[in-house]
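Working notes, beginning with the structure itself.
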Amino acid sequence: MTLRGGEGEEKGRVLHKFLEGAGGIGVIDGGFATELERHGADLNDPLWSAKCLISSPHLVRQVHEEYLEAGAEIIITASYQATIQGFESKGLSAIEGEALLRKSAEIACEARDNFWKKCVELSDGSIKYSEIPNLRPVLVAASVGSYGAYLADGSEYSGDYGPDMTVQTLKDFHQRRVQVLADSGADLLAFETIPNKIEAQAYVELLEENDIQIPAWFSFNSKDGMNVVSGDSVTECVSIANSCEKVAAVGINCTPPRFIHGLILSIQKVTEKPILVYPNSGETYDPERKEWMDSTGISDVDFVSYVQKWRELGASLIGGCCRTTPNTIRAISRTFNKRPVMISQET
């Protein structure tokens with residue numbers, strides 16, 4: 001996709017304009033796979049939630065809509081574990097894999113459109129469809145999961161890709177996928193659960209070398225509150241993201257809530273970009289058994305008790321990751337006294 005200079009600059013500022021219109025704070029959606037499973041999806045597959053792009057796209061759309069109705073202002077596509085190589089391992093062609101990547105963004109955009117239409121219906125004609133995007137803005141973020149997520153061996157939670165891994169190898173792996181998602185109709189790219197500095201560097205080089213016209217955010221994961229999961233320094237990783245003009249926000253996801261306070265303070269030392277945080281529920285994931293351990297997390301009430309403090313510390317984009325739900329996001333939205341979720345309703 002080739003854009004005129006002005007159009008490209010406008011797309012590049014979409015996240016900043018969104019935050020300006022949202023009073024400086026935006027609500028991201030919550031855990032996706034948890035909700036798909038609640039609706040009956042079987043995700044015991046290396047493709048994880050991306051499997052539903054093939055088998056049950058209607059469920060993907062439904063979960064997006066449920067998060068919008070709960071108050072989410074940014075919805076993340078079901079492409080976290082969707083890679084061309086992963087789809088090829090299932091017998092699909094590269095062309096079919098690219099089509100599924102685009103489909104992940106199309107489904108999210110359809111969910112946004114359905115939500116906006118519902119807002120118009122609830123207004124009893126007092127609001128026109130053309131007015132809704134300004135009254136209830138929604139951004140679609142195209143998820144890019146790590147190389148470890150593709151491996152589906154737990155290395156996204158360790159960052160250990162072996163001694164022979166190089167930046168170039170990671171660039172070669174991600175390049176086509178990133179370009180397809182950048183041209184998919186999404187508003188921004190969400191590089192999520194980044195486990196080490198080498199992958200952050202690969203992403204930065206891809207953004208700078210491939211004329212990507214939409215902004216990106218980088219979110220790292222940590223298990224100790226000081227380093228990313230590989231042991232690389234959080235500040236070093238954030239500095240890599242901060243060096244790239246195309247990275248519009250940086251932060252943390254899929255990390256226990258108890259670590260977020262200290263991580264925000266660390267991030268602030270090396271960047272002035274907007275900070276995003278969308279932790280998991282605090283539950284512990286067993287990568288060998290590929291399941292979450294019961295009774296290791298916190299309740300929605302406890303989760304939300306952290307949220308106002310994160311905002312006071314300087315976080316601009318707040319949501320949830322694994323094992324959080326629409327109820328979590330609804331509580332976050334209410335904490336910030338956001339605009340009525342469905343325009344015509346006071347919630």
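In the structure tokens, each chain is lettered A, B, ... as it comes, each chain's residues begin at 1, and ligands are numbered from 1 in order of appearance.
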Hey, what's within 12 Å of stretch 53-56 of chain A if we count only C-alpha atoms and toss same-chain stuff fewer than 5 positions away? As number ranges by chain, please?
A: 36-37, 39-43, 45, 47-48, 61-63, 77-83, 87, 90, 92, 96-108
Take the residues from that selection and write them out as a short mmCIF file (atom, residue, chain, number, x, y, z; two decimals), in the first residue's frame, keeping N, CA and C atoms.
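Written output follows (result.cif):
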data_model
loop_
_atom_site.label_atom_id
_atom_site.label_comp_id
_atom_site.auth_asym_id
_atom_site.auth_seq_id
_atom_site.Cartn_x
_atom_site.Cartn_y
_atom_site.Cartn_z
N LEU A 36 -13.03 -17.14 24.12
CA LEU A 36 -13.33 -18.09 23.05
C LEU A 36 -13.65 -19.46 23.64
N GLU A 37 -12.87 -19.87 24.63
CA GLU A 37 -13.12 -21.18 25.27
C GLU A 37 -14.44 -21.16 26.02
N HIS A 39 -17.02 -19.74 25.14
CA HIS A 39 -18.07 -19.90 24.12
C HIS A 39 -17.99 -21.25 23.41
N GLY A 40 -17.12 -22.13 23.89
CA GLY A 40 -17.09 -23.48 23.36
C GLY A 40 -15.96 -23.81 22.41
N ALA A 41 -15.04 -22.88 22.15
CA ALA A 41 -13.95 -23.16 21.23
C ALA A 41 -12.92 -24.09 21.87
N ASP A 42 -12.40 -25.02 21.10
CA ASP A 42 -11.32 -25.90 21.54
C ASP A 42 -10.01 -25.33 21.01
N LEU A 43 -9.18 -24.81 21.91
CA LEU A 43 -7.94 -24.15 21.50
C LEU A 43 -6.70 -24.99 21.76
N ASP A 45 -4.31 -26.48 20.40
CA ASP A 45 -3.75 -26.51 19.06
C ASP A 45 -2.58 -25.53 19.02
N LEU A 47 -1.95 -23.39 16.94
CA LEU A 47 -2.43 -22.09 16.46
C LEU A 47 -3.15 -21.31 17.56
N TRP A 48 -3.53 -22.00 18.64
CA TRP A 48 -4.22 -21.39 19.77
C TRP A 48 -5.44 -20.61 19.27
N ARG A 61 -15.65 -12.72 16.22
CA ARG A 61 -16.43 -11.48 16.10
C ARG A 61 -17.26 -11.24 17.36
N GLN A 62 -17.85 -12.29 17.88
CA GLN A 62 -18.69 -12.17 19.08
C GLN A 62 -17.88 -11.68 20.27
N VAL A 63 -16.67 -12.22 20.46
CA VAL A 63 -15.85 -11.80 21.59
C VAL A 63 -15.44 -10.33 21.44
N THR A 77 -6.72 -7.83 17.45
CA THR A 77 -7.11 -8.92 16.56
C THR A 77 -6.65 -10.28 17.08
N ALA A 78 -7.29 -11.32 16.56
CA ALA A 78 -6.97 -12.70 16.95
C ALA A 78 -5.81 -13.26 16.13
N SER A 79 -4.78 -12.44 15.95
CA SER A 79 -3.64 -12.85 15.11
C SER A 79 -2.37 -13.07 15.92
N TYR A 80 -2.49 -13.07 17.25
CA TYR A 80 -1.30 -13.22 18.10
C TYR A 80 -0.49 -14.45 17.70
N GLN A 81 -1.13 -15.57 17.53
CA GLN A 81 -0.44 -16.80 17.19
C GLN A 81 -0.68 -17.19 15.73
N ALA A 82 -1.10 -16.21 14.94
CA ALA A 82 -1.34 -16.44 13.51
C ALA A 82 -0.10 -16.06 12.72
N THR A 83 0.55 -17.04 12.14
CA THR A 83 1.73 -16.79 11.31
C THR A 83 1.57 -17.55 10.00
N PHE A 87 0.35 -21.48 9.66
CA PHE A 87 -0.74 -21.95 8.80
C PHE A 87 -0.22 -22.96 7.77
N LYS A 90 -0.15 -26.41 8.87
CA LYS A 90 -1.47 -27.04 8.87
C LYS A 90 -1.94 -27.41 7.46
N LEU A 92 -1.96 -25.31 4.78
CA LEU A 92 -2.43 -24.19 3.97
C LEU A 92 -1.29 -23.59 3.19
N GLU A 96 -3.04 -18.53 1.35
CA GLU A 96 -4.16 -18.75 2.27
C GLU A 96 -3.83 -18.22 3.67
N GLY A 97 -2.57 -18.37 4.08
CA GLY A 97 -2.15 -17.85 5.38
C GLY A 97 -2.25 -16.33 5.43
N GLU A 98 -1.83 -15.68 4.37
CA GLU A 98 -1.93 -14.22 4.31
C GLU A 98 -3.39 -13.78 4.35
N ALA A 99 -4.24 -14.51 3.68
CA ALA A 99 -5.67 -14.18 3.69
C ALA A 99 -6.25 -14.28 5.10
N LEU A 100 -5.80 -15.26 5.88
CA LEU A 100 -6.28 -15.40 7.25
C LEU A 100 -5.78 -14.27 8.14
N LEU A 101 -4.56 -13.82 7.90
CA LEU A 101 -4.07 -12.65 8.64
C LEU A 101 -4.95 -11.43 8.37
N ARG A 102 -5.24 -11.21 7.09
CA ARG A 102 -6.12 -10.08 6.75
C ARG A 102 -7.51 -10.28 7.36
N LYS A 103 -7.95 -11.53 7.37
CA LYS A 103 -9.28 -11.84 7.92
C LYS A 103 -9.37 -11.45 9.40
N SER A 104 -8.27 -11.61 10.14
CA SER A 104 -8.30 -11.26 11.56
C SER A 104 -8.63 -9.79 11.76
N ALA A 105 -8.08 -8.94 10.89
CA ALA A 105 -8.39 -7.51 10.97
C ALA A 105 -9.79 -7.21 10.45
N GLU A 106 -10.17 -7.90 9.39
CA GLU A 106 -11.51 -7.67 8.83
C GLU A 106 -12.59 -8.02 9.85
N ILE A 107 -12.40 -9.12 10.58
CA ILE A 107 -13.39 -9.52 11.59
C ILE A 107 -13.50 -8.45 12.68
N ALA A 108 -12.35 -7.94 13.14
CA ALA A 108 -12.37 -6.90 14.17
C ALA A 108 -13.05 -5.64 13.66
#
Using DSSP on the backbone coordinates, identify the residues of stretch 5-193 of chain A assigned to strand (DSSP E); present them as a PyMOL selection string.
chain A and resi 26-27+74-76+139-144+188-193
9 Å contact set for stretch 15-18 of chain A, only C-alpha atoms, chain neighbours under 6 positions out, as a PyMOL selection string
chain A and resi 24+26+137-139+187-188+215-216+248-249+274
Interface rows for stretch 23-120 of chain A against stretch 252-272 of chain A: nearest pair, Å to one decimal, 12 Å, only C-alpha atoms, as a Markdown table:
| residue | atom | partner | partner_atom | distance |
| --- | --- | --- | --- | --- |
| A:Ile28 | CA | A:Asn253 | CA | 11.0 |
| A:Asp29 | CA | A:Asn253 | CA | 11.8 |
| A:Gly30 | CA | A:Cys254 | CA | 10.5 |
| A:Gly31 | CA | A:Cys254 | CA | 9.5 |
Counting only C-alpha atoms, what is within 9 Å of A:Ala72, bar same-chain residues fewer than 3 positions away, as a PyMOL selection string?
chain A and resi 26-30+66-69+75+138+319+326+329-330+333+341
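Among A:Thr335, A:Thr324, A:Ser243, A:Ser222, the residue with the shortest atom-to-atom distance to A:Ile194, counting only C-alpha atoms, is A:Ser222.
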Of A:Glu156, A:Phe220, A:Glu65, A:Gly86, the one sitting nearest A:Lys117 when using only C-alpha atoms is A:Glu65
Pick from A:Cys237, A:Val304, A:Val229, A:Ala141, whichever lies nearest to A:Gly154 using only C-alpha atoms
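Result for the nearest residue to A:Gly154: A:Val229.
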Filtered DSSP result for stretch 41-129 of chain A, state helix (DSSP H, G or I), as an NGL selection string:
:A and (48-55 or 57-70 or 84-89 or 94-122 or 129)
Name the closest residue to A:Ser305 among the candidates A:Ala202, A:Met165, A:Phe336, A:Leu317; distances are taken between atoms, counting only C-alpha atoms.
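Smallest distance to A:Ser305 is found for A:Phe336.
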If you count only C-alpha atoms, which residues fall within 8 Å of stretch 169-175 of chain A, apart from same-chain ones fewer than 4 positions away, as a PyMOL selection string?
chain A and resi 147+165+179+199+202-203+205-206
Saved selection, atoms kept: N, CA, C and O atoms, as a PDB file, in the first residue's frame:
ATOM      1  N   TYR A 147       8.086 -14.791  18.147  1.00  0.00           N
ATOM      2  CA  TYR A 147       8.546 -16.035  17.535  1.00  0.00           C
ATOM      3  C   TYR A 147       8.265 -17.213  18.467  1.00  0.00           C
ATOM      4  O   TYR A 147       7.870 -18.288  18.032  1.00  0.00           O
ATOM      5  N   MET A 165      20.234 -17.792  17.603  1.00  0.00           N
ATOM      6  CA  MET A 165      19.220 -16.884  17.072  1.00  0.00           C
ATOM      7  C   MET A 165      19.839 -15.531  16.741  1.00  0.00           C
ATOM      8  O   MET A 165      20.676 -15.007  17.484  1.00  0.00           O
ATOM      9  N   GLN A 179       3.990  -6.965   7.253  1.00  0.00           N
ATOM     10  CA  GLN A 179       3.539  -6.158   6.130  1.00  0.00           C
ATOM     11  C   GLN A 179       2.067  -6.415   5.814  1.00  0.00           C
ATOM     12  O   GLN A 179       1.297  -5.478   5.557  1.00  0.00           O
ATOM     13  N   GLU A 199      14.347  -9.613  19.796  1.00  0.00           N
ATOM     14  CA  GLU A 199      13.124  -9.546  18.996  1.00  0.00           C
ATOM     15  C   GLU A 199      12.626  -8.106  18.887  1.00  0.00           C
ATOM     16  O   GLU A 199      12.120  -7.693  17.844  1.00  0.00           O
ATOM     17  N   ALA A 202      14.590  -6.612  16.152  1.00  0.00           N
ATOM     18  CA  ALA A 202      14.112  -7.084  14.846  1.00  0.00           C
ATOM     19  C   ALA A 202      12.858  -6.331  14.422  1.00  0.00           C
ATOM     20  O   ALA A 202      12.728  -5.916  13.256  1.00  0.00           O
ATOM     21  N   TYR A 203      11.934  -6.115  15.357  1.00  0.00           N
ATOM     22  CA  TYR A 203      10.712  -5.381  15.039  1.00  0.00           C
ATOM     23  C   TYR A 203      11.021  -3.940  14.629  1.00  0.00           C
ATOM     24  O   TYR A 203      10.434  -3.417  13.670  1.00  0.00           O
ATOM     25  N   GLU A 205      13.713  -2.733  13.281  1.00  0.00           N
ATOM     26  CA  GLU A 205      14.308  -2.707  11.941  1.00  0.00           C
ATOM     27  C   GLU A 205      13.271  -2.985  10.864  1.00  0.00           C
ATOM     28  O   GLU A 205      13.303  -2.367   9.778  1.00  0.00           O
ATOM     29  N   LEU A 206      12.334  -3.870  11.127  1.00  0.00           N
ATOM     30  CA  LEU A 206      11.266  -4.122  10.156  1.00  0.00           C
ATOM     31  C   LEU A 206      10.415  -2.874   9.939  1.00  0.00           C
ATOM     32  O   LEU A 206      10.071  -2.536   8.797  1.00  0.00           O
TER      33      LEU A 206
END
Atom CA of A:Arg13 and atom CA of A:Asn114, how far apart in Å?
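Computing the Euclidean distance for atom CA of A:Asn114 and atom CA of A:Arg13 yields 25.1 Å.
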When you draw a straight line from atom CA of A:Ile240 to atom CA of A:Lys197, how long is it in Å?
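These two atoms are separated by 7.6 Å.
We find atom CA of A:Glu209 and atom CA of A:Glu20 to be spaced 29.0 Å apart.
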What's around stretch 308-316 of chain A at 6 Å? Count only C-alpha atoms, leave out sequence neighbours fewer than 5 positions away in its own chain, and write the answer as a VMD selection string.
chain A and resid 25 274 to 276
